[in-house]
Amino acid sequence: MFKWFGKVNFSPFTKVTGFADHLKDGRLMGSRCKKCGATSFPPRADCVECMHDEFEFFEVSGRATLHTYTKIATAPTGFEDMVPYIVGLADLRETGRIVAWIGDTIPEEEIRIGMEMQVVPRIFEETEEIKVYYTLEKPGTTWMKADSIH
Ligand SMILES: [Zn+2]
């Protein structure tokens with residue numbers, strides 16, 4: 001799944017590969033343990049509560065609250081051409097925490113810790129591959145979503 005996320009691919013396959021497919025459909029999915037019901041975002045194949053290895057995806061709203069943020073001026077390998085950019089850490093309403101770029105709908109001077117945000121799935125098309133990622137945007141921001149979960 002990681003090839004869909006960015007420029008550096010550390011892992012060719014994981015049990016949560018479907019996560020990227022759902023993102024391509026415009027859906028943010030968390031995981032729910034089939035044994036104890038514990039939820040996670042990002043999805044985890046192995047439950048952090050009971051270590052059970054069967055899970056199901058469930059859709060999260062992407063509504064989030066900004067926990068903290070930072071402006072990146074010196075980028076890691078592969079992202080040098082994108083600086084400066086701002087990365088936010090946000091708490092999702094349903095479960096979990098997300099790290100993502102803060103998008104164009106939120107100017108730097110309007111960023112406040114504790115503000116409400118909307119996680120928006122994105123597809124970044126290049127000539128040879130399609131990458132999925134997500135950004136933190138103003139609440140109410142809309143995006144394309146597939147009609148049904150498959
Ligand atoms: Zn569990």
# chains A, B, ... in the order shown; residues from 1 in each chain; ligands from 1

$ residues_around --residues "A:Val87" --least-positions-apart "2" --cutoff "7 Å" --atoms "only C-alpha atoms" --output "number ranges by chain"
A: 69-71, 85, 89, 99-102

$ residues_around --residues "A:Ala45" --least-positions-apart "4" --cutoff "10 Å" --atoms "only C-alpha atoms" --output "JSON, numbers by chain"
{"A": [14, 15, 16, 17, 31, 32, 33, 40, 51, 52, 53, 54, 55, 56, 57]}

$ write_last_selection --atoms "C-alpha atoms" --output "JSON list (two decimals), in the first residue's frame"
[["chain", "number", "residue", "atom", "x", "y", "z"],
["A", 14, "THR", "CA", 0.67, -5.28, 4.13],
["A", 15, "LYS", "CA", -2.57, -6.80, 5.41],
["A", 16, "VAL", "CA", -4.19, -3.38, 5.22],
["A", 17, "THR", "CA", -3.58, -2.90, 1.48],
["A", 31, "SER", "CA", -10.09, -0.80, 11.27],
["A", 32, "ARG", "CA", -12.25, -2.58, 13.85],
["A", 33, "CYS", "CA", -11.04, -5.74, 15.58],
["A", 40, "SER", "CA", -7.87, 2.19, 14.95],
["A", 51, "MET", "CA", -3.47, -9.00, 19.35],
["A", 52, "HIS", "CA", -6.26, -10.67, 17.31],
["A", 53, "ASP", "CA", -5.38, -10.62, 13.62],
["A", 54, "GLU", "CA", -8.79, -10.35, 11.98],
["A", 55, "PHE", "CA", -10.27, -6.94, 11.36],
["A", 56, "GLU", "CA", -12.87, -5.17, 9.26],
["A", 57, "PHE", "CA", -12.76, -1.71, 7.72]]

$ residues_near_ligand --ligand "ligand 1" --cutoff "6 Å" --atoms "only C-alpha atoms and all ligand atoms" --output "number ranges by chain"
A: 33, 35-38, 47, 49-52

$ write_last_selection --atoms "N, CA and C atoms" --output "compact mmCIF listing (two decimals), in the first residue's frame"
# COMPACT_ATOMS: atom_id res chain seq x y z
N CYS A 33 -11.39 -4.36 15.24
CA CYS A 33 -11.04 -5.74 15.58
C CYS A 33 -12.29 -6.60 15.61
N LYS A 35 -12.60 -9.38 17.09
CA LYS A 35 -12.75 -10.09 18.36
C LYS A 35 -13.22 -9.16 19.48
N CYS A 36 -12.51 -8.04 19.68
CA CYS A 36 -12.85 -7.19 20.82
C CYS A 36 -13.48 -5.86 20.43
N GLY A 37 -13.48 -5.55 19.13
CA GLY A 37 -14.15 -4.33 18.68
C GLY A 37 -13.32 -3.08 18.78
N ALA A 38 -12.07 -3.18 19.21
CA ALA A 38 -11.21 -2.00 19.31
C ALA A 38 -11.01 -1.39 17.92
N CYS A 47 -4.67 -6.26 16.23
CA CYS A 47 -5.30 -5.42 17.26
C CYS A 47 -4.29 -5.03 18.35
N GLU A 49 -5.13 -3.98 21.21
CA GLU A 49 -5.70 -4.31 22.52
C GLU A 49 -5.57 -5.79 22.84
N CYS A 50 -5.89 -6.66 21.86
CA CYS A 50 -5.95 -8.09 22.16
C CYS A 50 -5.07 -8.94 21.24
N MET A 51 -4.38 -8.31 20.27
CA MET A 51 -3.47 -9.00 19.35
C MET A 51 -4.17 -9.90 18.34
N HIS A 52 -5.52 -9.90 18.31
CA HIS A 52 -6.26 -10.67 17.31
C HIS A 52 -5.90 -10.14 15.92

$ atom_distance --atom1 "atom CA of A:Pro76" --atom2 "atom CA of A:Val119"
22.9 Å

$ residues_around --residues "A:Val60" --least-positions-apart "4" --cutoff "9 Å" --atoms "only C-alpha atoms" --output "mmCIF file with N, CA and C atoms, in the first residue's frame"
data_model
loop_
_atom_site.group_PDB
_atom_site.id
_atom_site.type_symbol
_atom_site.label_atom_id
_atom_site.label_comp_id
_atom_site.auth_asym_id
_atom_site.auth_seq_id
_atom_site.Cartn_x
_atom_site.Cartn_y
_atom_site.Cartn_z
ATOM 1 N N ARG A 27 -12.774 7.389 0.310
ATOM 2 C CA ARG A 27 -13.238 7.006 1.641
ATOM 3 C C ARG A 27 -12.073 6.799 2.607
ATOM 4 N N LEU A 28 -12.215 7.365 3.784
ATOM 5 C CA LEU A 28 -11.242 7.162 4.852
ATOM 6 C C LEU A 28 -11.731 6.013 5.700
ATOM 7 N N MET A 29 -10.899 4.988 5.838
ATOM 8 C CA MET A 29 -11.332 3.814 6.577
ATOM 9 C C MET A 29 -10.424 3.562 7.775
ATOM 10 N N GLY A 30 -11.071 3.258 8.899
ATOM 11 C CA GLY A 30 -10.346 2.769 10.050
ATOM 12 C C GLY A 30 -10.523 1.261 10.114
ATOM 13 N N PHE A 41 -7.267 4.136 13.683
ATOM 14 C CA PHE A 41 -6.925 4.858 12.472
ATOM 15 C C PHE A 41 -5.526 5.419 12.656
ATOM 16 N N LEU A 92 -8.932 12.405 15.183
ATOM 17 C CA LEU A 92 -10.165 12.094 14.472
ATOM 18 C C LEU A 92 -11.316 11.932 15.465
ATOM 19 N N ARG A 93 -12.518 12.340 15.038
ATOM 20 C CA ARG A 93 -13.689 12.235 15.911
ATOM 21 C C ARG A 93 -13.935 10.792 16.331
ATOM 22 N N GLU A 94 -13.844 9.838 15.382
ATOM 23 C CA GLU A 94 -14.184 8.455 15.698
ATOM 24 C C GLU A 94 -13.072 7.723 16.448
ATOM 25 N N THR A 95 -11.869 7.798 15.935
ATOM 26 C CA THR A 95 -10.767 7.072 16.555
ATOM 27 C C THR A 95 -9.457 7.503 15.919
#

$ residues_around --residues "A:Trp143" --least-positions-apart "5" --cutoff "10 Å" --atoms "only C-alpha atoms" --output "list in words"
Gly26, Arg27, Val120, Pro121 and Arg122 of chain A

$ write_last_selection --atoms "C-alpha atoms" --output "short mmCIF file (atom, residue, chain, number, x, y, z; two decimals), in the first residue's frame"
data_model
loop_
_atom_site.label_atom_id
_atom_site.label_comp_id
_atom_site.auth_asym_id
_atom_site.auth_seq_id
_atom_site.Cartn_x
_atom_site.Cartn_y
_atom_site.Cartn_z
CA GLY A 26 -12.58 8.91 -1.57
CA ARG A 27 -13.24 7.01 1.64
CA VAL A 120 -9.91 15.05 2.63
CA PRO A 121 -8.63 12.09 0.56
CA ARG A 122 -6.57 13.17 -2.44
#

$ select_by_dssp --residues "chain A" --states "strand (DSSP E)" --output "compact mmCIF listing (two decimals) with C-alpha atoms, in the first residue's frame"
# COMPACT_ATOMS: atom_id res chain seq x y z
CA MET A 29 -11.33 3.81 6.58
CA GLY A 30 -10.35 2.77 10.05
CA SER A 31 -10.09 -0.80 11.27
CA ARG A 32 -12.25 -2.58 13.85
CA CYS A 33 -11.04 -5.74 15.58
CA THR A 39 -10.89 0.61 16.56
CA SER A 40 -7.87 2.19 14.95
CA PHE A 55 -10.27 -6.94 11.36
CA GLU A 56 -12.87 -5.17 9.26
CA PHE A 57 -12.76 -1.71 7.72
CA PHE A 58 -15.26 0.94 8.75
CA GLU A 59 -15.63 4.42 7.29
CA ARG A 63 -13.90 15.23 11.16
CA ALA A 64 -10.92 16.10 13.29
CA THR A 65 -9.51 18.54 15.83
CA LEU A 66 -6.03 19.98 15.37
CA HIS A 67 -3.74 18.74 18.14
CA THR A 68 -0.57 20.46 16.98
CA TYR A 69 1.24 21.44 13.80
CA THR A 70 4.67 22.32 12.48
CA LYS A 71 6.14 24.11 9.50
CA ILE A 72 8.69 21.99 7.65
CA TYR A 85 4.96 23.05 3.99
CA ILE A 86 2.86 22.71 7.12
CA VAL A 87 2.04 19.35 8.67
CA GLY A 88 -0.75 18.95 11.20
CA LEU A 89 -1.42 16.26 13.80
CA ALA A 90 -5.16 15.94 14.31
CA ASP A 91 -7.43 13.80 16.49
CA LEU A 92 -10.17 12.09 14.47
CA ARG A 97 -4.79 10.44 15.12
CA ILE A 98 -3.71 11.56 11.67
CA VAL A 99 -0.61 13.30 10.36
CA ALA A 100 -1.23 15.20 7.14
CA TRP A 101 -0.38 18.30 5.17
CA ILE A 102 -2.59 21.26 5.98
CA GLU A 116 -11.99 21.81 13.67
CA MET A 117 -10.74 20.29 10.45
CA GLN A 118 -11.84 17.92 7.70
CA VAL A 119 -9.56 15.18 6.42
CA VAL A 120 -9.91 15.05 2.63
CA PRO A 121 -8.63 12.09 0.56
CA ARG A 122 -6.57 13.17 -2.44
CA ILE A 123 -5.30 11.48 -5.58
CA PHE A 124 -2.14 12.87 -7.05
CA GLU A 125 -1.68 11.69 -10.61
CA ILE A 130 -1.37 7.40 -8.98
CA LYS A 131 -0.69 8.33 -5.40
CA VAL A 132 -3.22 8.70 -2.65
CA TYR A 133 -2.79 10.94 0.33
CA TYR A 134 -4.94 13.26 2.40
CA THR A 135 -4.93 16.83 3.57
CA LEU A 136 -6.43 18.71 6.50
CA GLU A 137 -8.97 21.25 5.26

$ closest_residue --among "A:Asp46, A:Glu80, A:Thr105, A:Leu23" --to "A:Gly140" --atoms "only C-alpha atoms"
A:Thr105

$ atom_distance --atom1 "atom CA of A:Asp147" --atom2 "atom CA of A:Ser61"
15.5 Å
